[in-house]
file model.txt (compact mmCIF, C-alpha atoms and all ligand atoms)
# COMPACT_ATOMS: atom_id res chain seq x y z
CA MET A 1 24.96 -28.47 -27.07
CA ILE A 2 22.71 -25.65 -25.92
CA ASN A 3 19.38 -26.82 -24.54
CA LYS A 4 17.28 -23.70 -24.49
CA ASN A 5 13.55 -23.88 -24.78
CA ILE A 6 10.85 -21.28 -24.78
CA LYS A 7 8.61 -22.03 -21.85
CA ILE A 8 5.22 -20.37 -21.76
CA ALA A 9 3.02 -20.76 -18.68
CA ILE A 10 -0.76 -20.33 -18.83
CA ALA A 11 -2.08 -19.24 -15.45
CA SER A 12 -5.08 -17.54 -13.88
CA GLY A 13 -5.94 -15.97 -10.57
CA LYS A 14 -8.89 -18.32 -10.18
CA GLY A 15 -10.35 -21.46 -11.67
CA GLY A 16 -13.01 -21.51 -14.38
CA THR A 17 -11.62 -18.67 -16.47
CA GLY A 18 -10.71 -20.80 -19.52
CA LYS A 19 -7.18 -21.93 -18.72
CA THR A 20 -7.77 -25.45 -19.99
CA LEU A 21 -9.60 -24.16 -23.06
CA LEU A 22 -6.68 -21.91 -23.95
CA SER A 23 -3.90 -24.40 -23.11
CA THR A 24 -5.32 -27.32 -25.08
CA ASN A 25 -6.47 -25.33 -28.10
CA LEU A 26 -3.26 -23.31 -28.31
CA ALA A 27 -1.07 -26.41 -28.04
CA ALA A 28 -3.07 -28.38 -30.61
CA PHE A 29 -3.22 -25.42 -33.00
CA ILE A 30 0.53 -24.72 -32.86
CA SER A 31 1.31 -28.44 -33.23
CA GLU A 32 -0.42 -28.46 -36.63
CA LYS A 33 2.79 -26.80 -37.89
CA ASP A 34 5.46 -27.25 -35.20
CA THR A 35 6.30 -29.90 -32.66
CA THR A 36 4.96 -28.65 -29.34
CA LEU A 37 4.95 -29.84 -25.74
CA LEU A 38 1.94 -29.34 -23.46
CA VAL A 39 2.35 -30.09 -19.75
CA ASP A 40 -0.65 -30.21 -17.43
CA LEU A 41 0.70 -29.00 -14.07
CA ASP A 42 -2.72 -28.53 -12.49
CA VAL A 43 -1.84 -31.72 -10.62
CA GLU A 44 -4.75 -31.70 -8.16
CA GLU A 45 -7.29 -31.63 -10.97
CA PRO A 46 -5.65 -32.18 -14.36
CA ASN A 47 -8.16 -32.16 -17.21
CA ASP A 48 -6.29 -31.36 -20.42
CA SER A 49 -6.53 -35.07 -21.25
CA LEU A 50 -10.29 -34.64 -21.73
CA PHE A 51 -9.44 -32.69 -24.89
CA ILE A 52 -6.10 -34.15 -26.00
CA LYS A 53 -6.55 -37.79 -26.92
CA GLY A 54 -3.08 -39.10 -27.60
CA ASN A 55 -1.32 -42.45 -27.72
CA LEU A 56 0.16 -43.53 -24.41
CA VAL A 57 3.97 -43.29 -24.38
CA ARG A 58 4.89 -43.93 -20.73
CA GLU A 59 3.45 -43.94 -17.22
CA THR A 60 5.73 -43.14 -14.27
CA GLU A 61 4.94 -43.44 -10.59
CA GLN A 62 6.24 -40.41 -8.70
CA TYR A 63 7.59 -40.57 -5.17
CA LYS A 64 8.63 -38.11 -2.50
CA MET A 65 10.83 -38.87 0.49
CA ILE A 66 9.21 -38.92 3.92
CA PRO A 67 10.51 -40.02 7.35
CA LYS A 68 9.50 -43.40 8.77
CA TRP A 69 9.58 -43.74 12.54
CA ASP A 70 11.70 -46.55 13.98
CA GLU A 71 10.30 -47.12 17.46
CA SER A 72 13.23 -49.32 18.50
CA LYS A 73 15.72 -46.42 18.11
CA CYS A 74 13.56 -43.57 19.45
CA THR A 75 14.29 -42.03 22.85
CA LEU A 76 11.30 -39.66 22.66
CA CYS A 77 13.64 -36.67 22.95
CA GLY A 78 11.23 -34.39 21.03
CA GLU A 79 13.84 -32.94 18.61
CA CYS A 80 11.84 -33.96 15.53
CA THR A 81 8.53 -32.39 16.61
CA LYS A 82 10.36 -29.21 17.66
CA ASN A 83 12.08 -28.85 14.27
CA CYS A 84 9.27 -29.67 11.82
CA LYS A 85 7.99 -26.32 10.54
CA PHE A 86 5.03 -28.01 8.91
CA HIS A 87 3.67 -29.90 11.96
CA ALA A 88 4.00 -33.11 9.98
CA VAL A 89 5.65 -35.02 12.83
CA VAL A 90 3.84 -35.11 16.15
CA GLN A 91 4.40 -36.92 19.44
CA MET A 92 1.34 -38.78 20.74
CA GLY A 93 2.17 -40.26 24.13
CA LYS A 94 4.91 -42.79 23.49
CA PHE A 95 4.48 -42.68 19.70
CA ILE A 96 5.83 -40.41 16.98
CA ALA A 97 3.31 -39.97 14.17
CA VAL A 98 4.31 -38.72 10.69
CA PHE A 99 1.59 -37.11 8.57
CA ASN A 100 2.74 -37.91 5.05
CA GLU A 101 0.34 -35.43 3.43
CA LEU A 102 1.84 -32.51 5.35
CA CYS A 103 5.48 -33.51 4.95
CA HIS A 104 7.56 -31.22 2.66
CA SER A 105 10.47 -33.70 2.44
CA CYS A 106 12.87 -31.17 3.97
CA TYR A 107 14.87 -33.90 5.83
CA ALA A 108 15.18 -31.71 8.97
CA CYS A 109 13.64 -34.20 11.40
CA SER A 110 15.60 -37.09 9.92
CA GLU A 111 18.95 -35.28 10.02
CA LEU A 112 18.43 -33.83 13.51
CA CYS A 113 17.26 -37.07 15.10
CA PRO A 114 20.15 -38.01 17.43
CA THR A 115 19.52 -41.76 17.17
CA GLY A 116 18.67 -42.16 13.46
CA ALA A 117 15.10 -43.13 14.30
CA LEU A 118 13.56 -41.25 11.33
CA PRO A 119 15.15 -42.61 8.12
CA MET A 120 13.73 -41.08 4.92
CA GLN A 121 11.84 -43.49 2.68
CA PRO A 122 10.06 -43.15 -0.68
CA HIS A 123 6.30 -42.49 -0.56
CA LYS A 124 4.12 -42.53 -3.70
CA MET A 125 2.51 -39.12 -4.27
CA GLY A 126 1.18 -39.39 -7.81
CA GLU A 127 1.76 -40.36 -11.42
CA THR A 128 2.99 -38.77 -14.60
CA THR A 129 1.61 -39.93 -17.93
CA GLU A 130 3.11 -39.04 -21.30
CA TYR A 131 1.17 -39.09 -24.58
CA GLN A 132 1.85 -38.36 -28.22
CA TYR A 133 -0.82 -36.75 -30.43
CA ASN A 134 0.60 -36.16 -33.93
CA ASN A 135 3.16 -33.34 -33.44
CA LEU A 136 1.99 -32.71 -29.92
CA LYS A 137 3.71 -34.28 -26.94
CA PHE A 138 1.52 -34.14 -23.89
CA ILE A 139 2.39 -34.78 -20.23
CA GLU A 140 -0.14 -35.03 -17.44
CA SER A 141 0.80 -35.18 -13.75
CA ARG A 142 -1.84 -36.29 -11.27
CA LEU A 143 -1.60 -36.17 -7.47
CA MET A 144 -2.98 -39.19 -5.62
CA ILE A 145 -6.24 -38.67 -3.74
CA GLY A 146 -5.48 -37.52 -0.18
CA GLU A 147 -2.08 -36.02 -1.06
CA GLU A 148 -1.93 -32.34 -0.21
CA GLN A 149 1.47 -31.27 -1.51
CA ALA A 150 1.32 -30.31 -5.18
CA VAL A 151 4.76 -28.67 -5.28
CA PRO A 152 6.96 -31.83 -5.13
CA LEU A 153 5.03 -33.39 -8.03
CA ILE A 154 5.28 -30.18 -10.05
CA HIS A 155 9.06 -30.16 -9.47
CA LYS A 156 9.31 -33.83 -10.52
CA THR A 157 7.39 -32.99 -13.69
CA HIS A 158 9.75 -30.12 -14.55
CA GLN A 159 12.61 -32.56 -14.01
CA LEU A 160 11.03 -35.08 -16.39
CA VAL A 161 10.52 -32.37 -19.02
CA ASN A 162 14.18 -31.33 -18.75
CA GLU A 163 15.37 -34.94 -18.99
CA HIS A 164 13.22 -36.14 -21.90
CA TYR A 165 11.86 -33.13 -23.82
CA SER A 166 14.70 -30.61 -23.95
CA ASN A 167 14.75 -30.98 -27.75
CA ILE A 168 11.29 -29.42 -28.08
CA THR A 169 11.68 -25.68 -28.49
CA LEU A 170 8.17 -24.55 -27.63
CA GLN A 171 6.82 -25.78 -24.30
CA LEU A 172 3.44 -24.82 -22.83
CA PHE A 173 2.60 -25.32 -19.14
CA ASP A 174 -1.01 -25.34 -17.93
CA CYS A 175 -0.60 -24.11 -14.33
CA PRO A 176 -2.76 -24.59 -11.26
CA PRO A 177 -5.19 -21.71 -10.59
CA GLY A 178 -4.59 -19.19 -7.81
CA THR A 179 -1.50 -17.41 -6.51
CA SER A 180 -0.13 -19.87 -3.93
CA CYS A 181 2.94 -22.15 -3.85
CA PRO A 182 1.85 -24.53 -6.66
CA VAL A 183 1.56 -21.59 -9.09
CA LEU A 184 4.98 -20.31 -8.09
CA ALA A 185 6.43 -23.79 -8.67
CA ALA A 186 4.62 -24.16 -12.00
CA THR A 187 5.74 -20.78 -13.37
CA GLU A 188 9.26 -20.70 -11.92
CA ASN A 189 10.97 -21.74 -15.17
CA ALA A 190 8.66 -19.82 -17.50
CA ASP A 191 10.02 -17.29 -19.98
CA TYR A 192 6.57 -15.74 -20.29
CA VAL A 193 3.24 -16.10 -18.50
CA ILE A 194 -0.18 -15.72 -20.08
CA LEU A 195 -2.75 -14.70 -17.48
CA ILE A 196 -6.24 -15.61 -18.60
CA THR A 197 -9.16 -13.80 -17.05
CA GLU A 198 -12.78 -12.84 -17.71
CA PRO A 199 -14.42 -9.41 -17.78
CA THR A 200 -16.25 -9.67 -14.45
CA PRO A 201 -15.62 -8.18 -10.98
CA PHE A 202 -14.36 -11.59 -9.77
CA GLY A 203 -12.11 -11.89 -12.82
CA LEU A 204 -10.64 -8.45 -12.19
CA HIS A 205 -10.13 -9.10 -8.49
CA ASP A 206 -8.22 -12.32 -9.10
CA LEU A 207 -6.32 -10.87 -12.06
CA LYS A 208 -4.96 -8.12 -9.80
CA LEU A 209 -3.64 -10.77 -7.39
CA ALA A 210 -2.08 -12.74 -10.25
CA VAL A 211 -0.46 -9.57 -11.66
CA GLU A 212 0.95 -8.73 -8.24
CA THR A 213 2.42 -12.26 -8.00
CA MET A 214 4.01 -12.09 -11.46
CA ARG A 215 5.52 -8.69 -10.69
CA GLN A 216 7.04 -10.01 -7.49
CA LEU A 217 8.50 -12.91 -9.45
CA HIS A 218 9.77 -10.49 -12.14
CA LYS A 219 8.07 -12.57 -14.83
CA PRO A 220 7.09 -11.02 -18.14
CA PHE A 221 3.38 -11.54 -18.69
CA GLY A 222 0.35 -10.54 -20.72
CA VAL A 223 -3.40 -10.97 -20.42
CA VAL A 224 -5.94 -12.92 -22.44
CA ILE A 225 -9.56 -11.97 -21.83
CA ASN A 226 -11.92 -14.91 -22.17
CA ARG A 227 -15.70 -14.49 -22.62
CA SER A 228 -15.03 -11.00 -23.92
CA GLY A 229 -18.24 -8.98 -24.30
CA LEU A 230 -19.98 -10.76 -21.43
CA GLY A 231 -19.37 -8.33 -18.55
CA ASN A 232 -17.93 -4.83 -18.32
CA ASP A 233 -14.71 -3.21 -19.52
CA ASP A 234 -13.05 -2.80 -16.11
CA VAL A 235 -10.41 -5.45 -16.90
CA GLU A 236 -9.43 -3.57 -20.06
CA LYS A 237 -9.28 -0.24 -18.19
CA TYR A 238 -7.15 -1.86 -15.48
CA CYS A 239 -4.70 -3.34 -18.04
CA LEU A 240 -4.48 0.00 -19.82
CA SER A 241 -3.77 1.91 -16.61
CA GLU A 242 -1.15 -0.69 -15.54
CA LYS A 243 0.43 -0.82 -19.02
CA ILE A 244 -0.26 -4.54 -19.32
CA ASP A 245 -0.61 -5.97 -22.84
CA ILE A 246 -3.96 -7.54 -23.65
CA VAL A 247 -2.65 -10.18 -26.00
CA THR A 248 -5.98 -11.35 -27.36
CA LYS A 249 -9.66 -11.69 -26.50
CA ILE A 250 -11.77 -14.80 -26.88
CA PRO A 251 -15.34 -13.64 -27.48
CA PHE A 252 -18.25 -14.90 -25.41
CA ASP A 253 -20.07 -17.41 -27.60
CA LYS A 254 -22.38 -20.23 -26.54
CA GLU A 255 -20.96 -22.37 -29.33
CA ILE A 256 -17.64 -22.41 -27.49
CA ALA A 257 -19.30 -23.76 -24.35
CA ASN A 258 -21.22 -26.35 -26.41
CA HIS A 259 -18.11 -27.78 -28.06
CA TYR A 260 -16.03 -27.51 -24.88
CA SER A 261 -18.62 -29.44 -22.87
CA ARG A 262 -18.35 -32.27 -25.44
CA GLY A 263 -14.56 -32.47 -24.98
CA GLU A 264 -13.84 -31.04 -28.43
CA LEU A 265 -11.02 -28.73 -29.52
CA VAL A 266 -12.97 -25.55 -30.07
CA TYR A 267 -10.73 -23.71 -32.55
CA LYS A 268 -11.61 -26.32 -35.18
CA LYS A 269 -15.31 -25.45 -34.86
CA VAL A 270 -15.52 -21.77 -33.90
CA PRO A 271 -13.67 -19.35 -36.23
CA SER A 272 -13.46 -16.55 -33.63
CA VAL A 273 -11.37 -18.86 -31.41
CA GLU A 274 -9.00 -19.64 -34.27
CA LEU A 275 -8.66 -15.88 -34.91
CA ALA A 276 -7.89 -15.24 -31.24
CA LEU A 277 -5.27 -18.01 -31.24
CA ASN A 278 -3.66 -16.56 -34.37
CA GLU A 279 -3.46 -13.17 -32.69
CA LEU A 280 -1.92 -14.75 -29.60
CA ILE A 281 0.63 -16.74 -31.62
CA ASN A 282 1.65 -13.65 -33.61
CA TYR A 283 2.14 -11.74 -30.37
CA LEU A 284 4.23 -14.54 -28.88
CA LYS A 285 6.30 -14.86 -32.07
CA ASN A 286 7.02 -11.13 -32.29
CA ASN A 287 7.56 -10.43 -28.61
CA ILE A 288 8.84 -13.65 -27.03
CA ILE A 289 9.75 -16.48 -29.37
CA ASN A 290 11.83 -14.65 -31.99
CA ARG A 291 13.71 -12.70 -29.33
CA SER A 292 14.42 -15.86 -27.37
CA LEU A 293 15.59 -17.68 -30.51
CA GLN A 294 17.92 -14.77 -31.32
CA GLY A 295 19.24 -15.06 -27.76
CA ILE A 296 19.85 -18.80 -28.27
CA GLU A 297 21.66 -18.13 -31.57
CA ALA A 298 23.84 -15.50 -29.90
CA LEU A 299 24.86 -18.06 -27.27
CA LYS A 300 26.09 -20.52 -29.91
S1 LIG B 1 14.19 -36.91 17.24
FE1 LIG B 1 14.41 -39.12 16.96
S2 LIG B 1 14.75 -39.90 19.00
FE2 LIG B 1 13.95 -37.85 19.26
S3 LIG B 1 11.72 -38.14 19.44
FE3 LIG B 1 12.12 -37.79 17.30
S4 LIG B 1 12.37 -39.83 16.43
FE4 LIG B 1 12.56 -40.05 18.63
S1 LIG B 2 10.97 -34.15 6.48
FE1 LIG B 2 10.66 -32.00 7.07
S2 LIG B 2 8.50 -31.64 6.67
FE2 LIG B 2 8.76 -33.83 6.65
S3 LIG B 2 8.25 -34.45 8.73
FE3 LIG B 2 10.48 -34.14 8.67
S4 LIG B 2 10.81 -32.02 9.29
FE4 LIG B 2 8.64 -32.24 8.81

call {"tool": "encode", "arguments": {"input": "model.txt", "output": "structure tokens", "more": "lines below"}}
Ligand code: SF4
Ligand code: SF4
result
Amino acid sequence: MINKNIKIAIASGKGGTGKTLLSTNLAAFISEKDTTLLVDLDVEEPNDSLFIKGNLVRETEQYKMIPKWDESKCTLCGECTKNCKFHAVVQMGKFIAVFNELCHSCYACSELCPTGALPMQPHKMGETTEYQYNNLKFIESRLMIGEEQAVPLIHKTHQLVNEHYSNITLQLFDCPPGTSCPVLAATENADYVILITEPTPFGLHDLKLAVETMRQLHKPFGVVINRSGLGNDDVEKYCLSEKIDIVTKIPFDKEIANHYSRGELVYKKVPSVELALNELINYLKNNIINRSLQGIEALK
């Protein structure tokens, strides 16, 4: 059996550009006709669940492996502190301290310890919660307070999606903002990335960084302009000059902010948002989904 899905990531160079607005409304809108999966990978601050109220399906505690110091076996040789690239294991006098939040679970210290004094043990880093909302399956991953490593939880979430949701063709991933490691982890499996931005100097600055990142990753991508009409047209000029598709624009409208602030799905209340979503879906169908489905057929 061929398990091929169409994975679409929704990302932005900075927070506050409308990533949650687009992810939740797009997922709910598509799921009115087709079964859809929405995954909130903004694990440090997931908030799609403010808008998607589904029935709880399952809660899973997520663990990463970290070393635990066994004083009785340690000779204080210093191999572990020398080999940890992340400064997560430090010698303090006659003690070896492990900083769980900094540990990347690379196993180096544990494997290089000559006396086996750093066995790897599970450490809880967060939780994944799965919901069902009519035709929409929704997964939220949340990092525990104090945990600093988003990437292992994002990888665990991808794993869960592959294990339990491979039968859902269309999968949407709400990514963390920015251009650092969590975004790379969140978009690594994506067939297409939607970069959402706003027509302001800050929006353009961060869009350029996001575009640079996507080009380095060789990911196909397009741009959605949120709050269109609010600022200037520099984002549009930039996309034109860089031959980047502007897939749709969501107009600036105070009604959108009003409904959004009440935790409502906006496309049901503001026709211009529904129009923008339709334009986006048609673009995805014509340029991404149909081509991918043809590719899947050809593989059979
Ligand atoms: S490598 Fe092992 S034995 Fe050496 S200091 Fe670290 S924990 Fe102790
Ligand atoms: S597992 Fe890797 S990152 Fe974690 S403390 Fe050991 S060497 Fe450092």

call {"tool": "closest_residue", "arguments": {"input": "model.txt", "among": "A:Val98, A:Cys113, A:Val43, A:Ile8", "to": "ligand LIG 1 (chain B)", "atoms": "all atoms listed in the file"}}
result
A:Cys113

call {"tool": "residues_around", "arguments": {"input": "model.txt", "residues": "region 188-193 of chain A", "least_positions_apart": "4", "cutoff": "6 Å", "atoms": "only C-alpha atoms", "output": "PyMOL selection string"}}
result
chain A and resi 7-10+184+220-221

call {"tool": "residues_near_ligand", "arguments": {"input": "model.txt", "ligand": "ligand LIG 1 (chain B)", "cutoff": "8 Å", "atoms": "only C-alpha atoms and all ligand atoms", "output": "list in words"}}
result
Trp69, Asp70, Glu71, Lys73, Cys74, Thr75, Leu76, Cys77, Gly78, Glu79, Cys80, Thr81, Gln91, Ile96, Cys109, Ser110, Leu112, Cys113, Pro114, Thr115, Gly116, Ala117 and Leu118 of chain A

call {"tool": "axis_aligned_box", "arguments": {"input": "model.txt", "around": "ligand LIG 2 (chain B)", "padding_each_side": "5 Å", "output": "lines of an AutoDock Vina configuration file"}}
result
center_x = 9.6
center_y = -33.0
center_z = 7.9
size_x = 12.7
size_y = 12.8
size_z = 12.8

call {"tool": "atom_distance", "arguments": {"input": "model.txt", "atom1": "CA of Gln121 (chain A)", "atom2": "atom S3 of ligand LIG 2 (chain B)"}}
result
11.5 Å

call {"tool": "residues_near_ligand", "arguments": {"input": "model.txt", "ligand": "ligand LIG 2 (chain B)", "cutoff": "10 Å", "atoms": "all atoms listed in the file", "output": "PyMOL selection string"}}
result
chain A and resi 65-68+79-90+97-113+118-120

call {"tool": "closest_residue", "arguments": {"input": "model.txt", "among": "A:Thr36, A:Ser180, A:Asn134, A:Asn167", "to": "Lys14 (chain A)", "atoms": "all atoms listed in the file"}}
result
A:Ser180

call {"tool": "closest_residue", "arguments": {"input": "model.txt", "among": "A:Asp174, A:Asp245, A:Glu274, A:Glu264", "to": "Lys53 (chain A)", "atoms": "only C-alpha atoms"}}
result
A:Glu264

call {"tool": "atom_distance", "arguments": {"input": "model.txt", "atom1": "CA of Thr157 (chain A)", "atom2": "CA of Asp34 (chain A)"}}
result
22.3 Å

call {"tool": "build_atoms", "arguments": {"input": "model.txt", "residues": "region 31-56 of chain A", "atoms": "N, CA and C atoms", "output": "short mmCIF file (atom, residue, chain, number, x, y, z; two decimals), keeping the file's coordinate frame"}}
result
data_model
loop_
_atom_site.label_atom_id
_atom_site.label_comp_id
_atom_site.auth_asym_id
_atom_site.auth_seq_id
_atom_site.Cartn_x
_atom_site.Cartn_y
_atom_site.Cartn_z
N SER A 31 0.70 -27.16 -32.82
CA SER A 31 1.31 -28.44 -33.23
C SER A 31 0.88 -28.86 -34.64
N GLU A 32 -0.09 -28.15 -35.23
CA GLU A 32 -0.42 -28.46 -36.63
C GLU A 32 0.76 -28.12 -37.53
N LYS A 33 1.62 -27.18 -37.07
CA LYS A 33 2.79 -26.80 -37.89
C LYS A 33 4.11 -27.17 -37.23
N ASP A 34 4.18 -27.05 -35.89
CA ASP A 34 5.46 -27.25 -35.20
C ASP A 34 5.30 -28.22 -34.04
N THR A 35 6.34 -29.00 -33.81
CA THR A 35 6.30 -29.90 -32.66
C THR A 35 6.20 -29.06 -31.38
N THR A 36 5.27 -29.46 -30.53
CA THR A 36 4.96 -28.65 -29.34
C THR A 36 4.80 -29.59 -28.15
N LEU A 37 5.16 -29.07 -26.97
CA LEU A 37 4.95 -29.84 -25.74
C LEU A 37 3.90 -29.12 -24.89
N LEU A 38 2.92 -29.88 -24.42
CA LEU A 38 1.94 -29.34 -23.46
C LEU A 38 2.07 -30.14 -22.17
N VAL A 39 2.20 -29.43 -21.05
CA VAL A 39 2.35 -30.09 -19.75
C VAL A 39 1.23 -29.62 -18.83
N ASP A 40 0.42 -30.56 -18.36
CA ASP A 40 -0.65 -30.21 -17.43
C ASP A 40 -0.10 -30.28 -16.01
N LEU A 41 0.15 -29.08 -15.43
CA LEU A 41 0.70 -29.00 -14.07
C LEU A 41 -0.38 -28.71 -13.03
N ASP A 42 -1.63 -28.74 -13.45
CA ASP A 42 -2.72 -28.53 -12.49
C ASP A 42 -2.96 -29.88 -11.81
N VAL A 43 -1.95 -30.32 -11.02
CA VAL A 43 -1.84 -31.72 -10.62
C VAL A 43 -2.96 -32.20 -9.69
N GLU A 44 -3.64 -31.26 -9.04
CA GLU A 44 -4.75 -31.70 -8.16
C GLU A 44 -5.98 -32.03 -8.99
N GLU A 45 -6.11 -31.39 -10.13
CA GLU A 45 -7.29 -31.63 -10.97
C GLU A 45 -6.93 -31.49 -12.45
N PRO A 46 -6.04 -32.34 -12.95
CA PRO A 46 -5.65 -32.18 -14.36
C PRO A 46 -6.80 -32.58 -15.29
N ASN A 47 -7.07 -31.77 -16.30
CA ASN A 47 -8.16 -32.16 -17.21
C ASN A 47 -7.87 -31.88 -18.68
N ASP A 48 -6.62 -31.54 -19.01
CA ASP A 48 -6.29 -31.36 -20.42
C ASP A 48 -6.52 -32.64 -21.22
N SER A 49 -6.39 -33.79 -20.53
CA SER A 49 -6.53 -35.07 -21.25
C SER A 49 -7.98 -35.31 -21.71
N LEU A 50 -8.92 -34.52 -21.22
CA LEU A 50 -10.29 -34.64 -21.73
C LEU A 50 -10.36 -34.15 -23.18
N PHE A 51 -9.39 -33.32 -23.57
CA PHE A 51 -9.44 -32.69 -24.89
C PHE A 51 -8.32 -33.19 -25.81
N ILE A 52 -7.23 -33.64 -25.21
CA ILE A 52 -6.10 -34.15 -26.00
C ILE A 52 -6.10 -35.67 -25.88
N LYS A 53 -6.50 -36.33 -26.95
CA LYS A 53 -6.55 -37.79 -26.92
C LYS A 53 -5.32 -38.33 -27.67
N GLY A 54 -4.28 -38.63 -26.93
CA GLY A 54 -3.08 -39.10 -27.60
C GLY A 54 -2.81 -40.58 -27.35
N ASN A 55 -1.75 -41.07 -27.98
CA ASN A 55 -1.32 -42.45 -27.72
C ASN A 55 -0.41 -42.45 -26.49
N LEU A 56 -0.64 -43.43 -25.63
CA LEU A 56 0.16 -43.53 -24.41
C LEU A 56 1.62 -43.84 -24.74
#
